[in-house]
Amino acid sequence: LMVLDVSDALSYIHSKSIVHRDLKPENLLIEKVTAAVCRLKLGDFGLAMVVTEPVFTICGTSTYVAPEILRETGYGVAVDVWALGVILYILLCGFAPFRSRDRDQEELFKLIKQAQLHFPSPFWDSA
């Protein structure tokens, strides 16, 4: 349900032509509705903007940045959906889909631009 909350929030801001551009777990706020129910709220709109044409500014957090941002070919609201996919991947297996062994940002960006997803065993065996 929490991923649905974020998806609904993105759907709403995207319907207003707003792109968040920095979707990551640190920018998701937890609201306790009842003792058994929590909701996620989208926070930190510091990089958000209204999109009326392709954007070329490179921004966001390295792990969650979409390939089109790095390619500098212009992007829109879909970059938020990419970031949500990265969050979901992490929730399901415990680590990010694109990782540099040496924490090298250039290598990380190259992997993101290639967008080759892997689902290694045993982390994905029961997903």
# chains A, B, ... in the order shown; residues from 1 in each chain; ligands from 1
>>> residues_around(residues="Ala9 (chain A)", least_positions_apart="2", cutoff="12 Å", atoms="only C-alpha atoms", output="list in words")
Met2, Val3, Leu4, Asp5, Val6, Ser7, Ser11, Tyr12, Ile13, His14, Ser15, Lys16, Ile18, Val19, His20, Leu23, Leu28, Leu29, Arg39, Leu40, Lys41, Leu42, Gly43, Asp80, Val81 and Leu84 of chain A
>>> residues_around(residues="Glu72 (chain A)", least_positions_apart="6", cutoff="8 Å", atoms="only C-alpha atoms", output="number ranges by chain")
A: 56-58
>>> residues_around(residues="Phe123 (chain A)", least_positions_apart="4", cutoff="9 Å", atoms="only C-alpha atoms", output="list in words")
Leu92, Cys93, Gly94, Phe119 and Ala127 of chain A
>>> write_last_selection(atoms="N, CA and C atoms", output="short mmCIF file (atom, residue, chain, number, x, y, z; two decimals), in the first residue's frame")
data_model
loop_
_atom_site.label_atom_id
_atom_site.label_comp_id
_atom_site.auth_asym_id
_atom_site.auth_seq_id
_atom_site.Cartn_x
_atom_site.Cartn_y
_atom_site.Cartn_z
N LEU A 92 12.32 -4.60 -2.42
CA LEU A 92 12.15 -6.03 -2.67
C LEU A 92 13.40 -6.86 -2.40
N CYS A 93 14.58 -6.29 -2.59
CA CYS A 93 15.78 -7.12 -2.43
C CYS A 93 16.82 -6.56 -1.47
N GLY A 94 16.70 -5.29 -1.09
CA GLY A 94 17.62 -4.75 -0.10
C GLY A 94 18.79 -3.94 -0.64
N PHE A 119 18.54 -9.46 -11.73
CA PHE A 119 17.79 -9.94 -10.57
C PHE A 119 18.53 -11.14 -9.99
N ALA A 127 10.84 -13.41 -5.00
CA ALA A 127 10.12 -12.16 -5.31
C ALA A 127 9.13 -12.36 -6.44
#
>>> closest_residue(among="A:Leu117, A:Ile112, A:Val51, A:Ala96", to="Ala78 (chain A)", atoms="only C-alpha atoms")
A:Val51
>>> closest_residue(among="A:Thr34, A:Ala83, A:Tyr89, A:Tyr75", to="Leu10 (chain A)", atoms="only C-alpha atoms")
A:Ala83
>>> residues_around(residues="Thr63 (chain A)", least_positions_apart="3", cutoff="12 Å", atoms="only C-alpha atoms", output="ChimeraX atom specification")
/A:22-25,59-60,66-67,70,82-87,89-90,95-100,103-113
>>> atom_distance(atom1="CA of Gln114 (chain A)", atom2="CA of Thr52 (chain A)")
27.2 Å
>>> select_by_dssp(residues="chain A", states="strand (DSSP E or B)", output="VMD selection string")
chain A and resid 18 to 19 28 to 32 38 to 42 49 to 50 55 75
>>> select_by_dssp(residues="chain A", states="alpha helix (DSSP H)", output="mmCIF file with N, CA and C atoms, in the first residue's frame")
data_model
loop_
_atom_site.group_PDB
_atom_site.id
_atom_site.type_symbol
_atom_site.label_atom_id
_atom_site.label_comp_id
_atom_site.auth_asym_id
_atom_site.auth_seq_id
_atom_site.Cartn_x
_atom_site.Cartn_y
_atom_site.Cartn_z
ATOM 1 N N MET A 2 2.029 1.184 0.599
ATOM 2 C CA MET A 2 2.852 2.393 0.662
ATOM 3 C C MET A 2 3.342 2.809 -0.723
ATOM 4 N N VAL A 3 3.682 1.846 -1.573
ATOM 5 C CA VAL A 3 4.092 2.184 -2.936
ATOM 6 C C VAL A 3 2.909 2.799 -3.678
ATOM 7 N N LEU A 4 1.713 2.318 -3.401
ATOM 8 C CA LEU A 4 0.507 2.890 -4.000
ATOM 9 C C LEU A 4 0.335 4.351 -3.567
ATOM 10 N N ASP A 5 0.629 4.650 -2.301
ATOM 11 C CA ASP A 5 0.547 6.038 -1.829
ATOM 12 C C ASP A 5 1.467 6.946 -2.639
ATOM 13 N N VAL A 6 2.693 6.493 -2.860
ATOM 14 C CA VAL A 6 3.656 7.300 -3.614
ATOM 15 C C VAL A 6 3.212 7.415 -5.067
ATOM 16 N N SER A 7 2.727 6.322 -5.621
ATOM 17 C CA SER A 7 2.228 6.333 -6.998
ATOM 18 C C SER A 7 1.070 7.317 -7.150
ATOM 19 N N ASP A 8 0.165 7.320 -6.192
ATOM 20 C CA ASP A 8 -0.955 8.267 -6.221
ATOM 21 C C ASP A 8 -0.463 9.714 -6.119
ATOM 22 N N ALA A 9 0.523 9.949 -5.254
ATOM 23 C CA ALA A 9 1.074 11.300 -5.104
ATOM 24 C C ALA A 9 1.723 11.754 -6.412
ATOM 25 N N LEU A 10 2.468 10.851 -7.045
ATOM 26 C CA LEU A 10 3.092 11.192 -8.325
ATOM 27 C C LEU A 10 2.041 11.443 -9.394
ATOM 28 N N SER A 11 1.020 10.615 -9.415
ATOM 29 C CA SER A 11 -0.056 10.801 -10.386
ATOM 30 C C SER A 11 -0.677 12.189 -10.229
ATOM 31 N N TYR A 12 -0.876 12.602 -8.985
ATOM 32 C CA TYR A 12 -1.470 13.910 -8.727
ATOM 33 C C TYR A 12 -0.555 15.043 -9.207
ATOM 34 N N ILE A 13 0.718 15.030 -8.774
ATOM 35 C CA ILE A 13 1.587 16.147 -9.170
ATOM 36 C C ILE A 13 1.853 16.133 -10.673
ATOM 37 N N HIS A 14 1.927 14.939 -11.262
ATOM 38 C CA HIS A 14 2.137 14.860 -12.710
ATOM 39 C C HIS A 14 0.922 15.388 -13.471
ATOM 40 N N SER A 15 -0.279 15.205 -12.903
ATOM 41 C CA SER A 15 -1.480 15.753 -13.553
ATOM 42 C C SER A 15 -1.459 17.283 -13.562
ATOM 43 N N PRO A 67 18.051 7.587 -16.548
ATOM 44 C CA PRO A 67 19.012 7.664 -17.653
ATOM 45 C C PRO A 67 18.862 8.920 -18.510
ATOM 46 N N GLU A 68 17.630 9.345 -18.763
ATOM 47 C CA GLU A 68 17.444 10.507 -19.636
ATOM 48 C C GLU A 68 17.994 11.792 -19.021
ATOM 49 N N ILE A 69 18.038 11.861 -17.696
ATOM 50 C CA ILE A 69 18.661 13.025 -17.051
ATOM 51 C C ILE A 69 20.156 13.017 -17.348
ATOM 52 N N LEU A 70 20.778 11.851 -17.204
ATOM 53 C CA LEU A 70 22.221 11.732 -17.423
ATOM 54 C C LEU A 70 22.603 11.906 -18.887
ATOM 55 N N ARG A 71 21.725 11.505 -19.785
ATOM 56 C CA ARG A 71 22.012 11.628 -21.225
ATOM 57 C C ARG A 71 21.862 13.064 -21.727
ATOM 58 N N ALA A 78 8.377 11.480 -16.302
ATOM 59 C CA ALA A 78 8.706 10.048 -16.249
ATOM 60 C C ALA A 78 9.920 9.758 -15.369
ATOM 61 N N VAL A 79 10.774 10.763 -15.126
ATOM 62 C CA VAL A 79 11.945 10.512 -14.278
ATOM 63 C C VAL A 79 11.530 10.160 -12.849
ATOM 64 N N ASP A 80 10.380 10.645 -12.415
ATOM 65 C CA ASP A 80 9.878 10.291 -11.084
ATOM 66 C C ASP A 80 9.439 8.831 -11.035
ATOM 67 N N VAL A 81 8.884 8.342 -12.121
ATOM 68 C CA VAL A 81 8.451 6.941 -12.190
ATOM 69 C C VAL A 81 9.681 6.033 -12.142
ATOM 70 N N TRP A 82 10.746 6.421 -12.828
ATOM 71 C CA TRP A 82 12.005 5.671 -12.766
ATOM 72 C C TRP A 82 12.472 5.575 -11.310
ATOM 73 N N ALA A 83 12.504 6.713 -10.613
ATOM 74 C CA ALA A 83 12.970 6.736 -9.226
ATOM 75 C C ALA A 83 12.099 5.852 -8.340
ATOM 76 N N LEU A 84 10.790 5.844 -8.570
ATOM 77 C CA LEU A 84 9.904 4.963 -7.803
ATOM 78 C C LEU A 84 10.250 3.503 -8.081
ATOM 79 N N GLY A 85 10.590 3.181 -9.315
ATOM 80 C CA GLY A 85 11.016 1.825 -9.652
ATOM 81 C C GLY A 85 12.282 1.429 -8.915
ATOM 82 N N VAL A 86 13.218 2.349 -8.789
ATOM 83 C CA VAL A 86 14.448 2.081 -8.039
ATOM 84 C C VAL A 86 14.114 1.827 -6.574
ATOM 85 N N ILE A 87 13.230 2.636 -6.008
ATOM 86 C CA ILE A 87 12.809 2.444 -4.614
ATOM 87 C C ILE A 87 12.167 1.077 -4.439
ATOM 88 N N LEU A 88 11.291 0.695 -5.343
ATOM 89 C CA LEU A 88 10.618 -0.603 -5.261
ATOM 90 C C LEU A 88 11.635 -1.743 -5.350
ATOM 91 N N TYR A 89 12.595 -1.629 -6.247
ATOM 92 C CA TYR A 89 13.651 -2.640 -6.371
ATOM 93 C C TYR A 89 14.367 -2.801 -5.027
ATOM 94 N N ILE A 90 14.736 -1.686 -4.412
ATOM 95 C CA ILE A 90 15.431 -1.718 -3.122
ATOM 96 C C ILE A 90 14.554 -2.360 -2.051
ATOM 97 N N LEU A 91 13.275 -2.013 -2.029
ATOM 98 C CA LEU A 91 12.365 -2.597 -1.041
ATOM 99 C C LEU A 91 12.260 -4.114 -1.187
ATOM 100 N N LEU A 92 12.319 -4.595 -2.421
ATOM 101 C CA LEU A 92 12.147 -6.030 -2.668
ATOM 102 C C LEU A 92 13.398 -6.857 -2.399
ATOM 103 N N CYS A 93 14.579 -6.285 -2.592
ATOM 104 C CA CYS A 93 15.780 -7.118 -2.428
ATOM 105 C C CYS A 93 16.823 -6.557 -1.474
ATOM 106 N N GLN A 105 31.126 7.371 -9.010
ATOM 107 C CA GLN A 105 29.917 7.969 -9.581
ATOM 108 C C GLN A 105 29.885 7.852 -11.099
ATOM 109 N N GLU A 106 31.021 7.991 -11.762
ATOM 110 C CA GLU A 106 31.046 7.844 -13.224
ATOM 111 C C GLU A 106 30.611 6.446 -13.641
ATOM 112 N N GLU A 107 31.108 5.440 -12.929
ATOM 113 C CA GLU A 107 30.719 4.060 -13.230
ATOM 114 C C GLU A 107 29.230 3.861 -12.970
ATOM 115 N N LEU A 108 28.737 4.407 -11.850
ATOM 116 C CA LEU A 108 27.313 4.309 -11.528
ATOM 117 C C LEU A 108 26.472 4.921 -12.641
ATOM 118 N N PHE A 109 26.835 6.104 -13.100
ATOM 119 C CA PHE A 109 26.070 6.768 -14.153
ATOM 120 C C PHE A 109 26.116 5.981 -15.460
ATOM 121 N N LYS A 110 27.241 5.363 -15.753
ATOM 122 C CA LYS A 110 27.342 4.524 -16.952
ATOM 123 C C LYS A 110 26.375 3.344 -16.847
ATOM 124 N N LEU A 111 26.322 2.714 -15.681
ATOM 125 C CA LEU A 111 25.406 1.584 -15.469
ATOM 126 C C LEU A 111 23.948 2.022 -15.593
ATOM 127 N N ILE A 112 23.621 3.179 -15.038
ATOM 128 C CA ILE A 112 22.248 3.689 -15.124
ATOM 129 C C ILE A 112 21.879 3.965 -16.577
ATOM 130 N N LYS A 113 22.783 4.585 -17.326
ATOM 131 C CA LYS A 113 22.496 4.882 -18.738
ATOM 132 C C LYS A 113 22.320 3.608 -19.562
ATOM 133 N N GLN A 114 23.034 2.549 -19.201
ATOM 134 C CA GLN A 114 22.875 1.268 -19.901
ATOM 135 C C GLN A 114 21.542 0.609 -19.545
#
>>> decode(residues="region 33-57 of chain A", atoms="C-alpha atoms", output="PDB file, in the first residue's frame")
ATOM      1  CA  VAL A  33      -3.343   6.979  10.458  1.00  0.00           C
ATOM      2  CA  THR A  34      -4.208   4.341  13.061  1.00  0.00           C
ATOM      3  CA  ALA A  35      -2.190   1.939  15.207  1.00  0.00           C
ATOM      4  CA  ALA A  36      -2.111  -0.492  12.274  1.00  0.00           C
ATOM      5  CA  VAL A  37      -2.173   1.847   9.263  1.00  0.00           C
ATOM      6  CA  CYS A  38       0.526   4.185   7.962  1.00  0.00           C
ATOM      7  CA  ARG A  39       0.477   6.300   4.812  1.00  0.00           C
ATOM      8  CA  LEU A  40       3.388   7.716   2.869  1.00  0.00           C
ATOM      9  CA  LYS A  41       3.433  11.364   1.884  1.00  0.00           C
ATOM     10  CA  LEU A  42       5.728  12.957  -0.673  1.00  0.00           C
ATOM     11  CA  GLY A  43       7.995  15.638   0.781  1.00  0.00           C
ATOM     12  CA  ASP A  44      10.898  17.941  -0.122  1.00  0.00           C
ATOM     13  CA  PHE A  45       9.822  19.753  -3.253  1.00  0.00           C
ATOM     14  CA  GLY A  46      13.081  21.736  -3.399  1.00  0.00           C
ATOM     15  CA  LEU A  47      13.945  20.482  -6.907  1.00  0.00           C
ATOM     16  CA  ALA A  48      10.342  20.218  -8.134  1.00  0.00           C
ATOM     17  CA  MET A  49       9.229  22.314 -11.072  1.00  0.00           C
ATOM     18  CA  VAL A  50       6.407  22.776 -13.529  1.00  0.00           C
ATOM     19  CA  VAL A  51       7.262  21.064 -16.812  1.00  0.00           C
ATOM     20  CA  THR A  52       5.881  22.540 -20.022  1.00  0.00           C
ATOM     21  CA  GLU A  53       8.720  21.393 -22.276  1.00  0.00           C
ATOM     22  CA  PRO A  54      11.686  19.030 -21.917  1.00  0.00           C
ATOM     23  CA  VAL A  55      14.041  19.853 -19.040  1.00  0.00           C
ATOM     24  CA  PHE A  56      17.827  19.566 -19.401  1.00  0.00           C
ATOM     25  CA  THR A  57      19.056  20.358 -15.873  1.00  0.00           C
TER      26      THR A  57
END
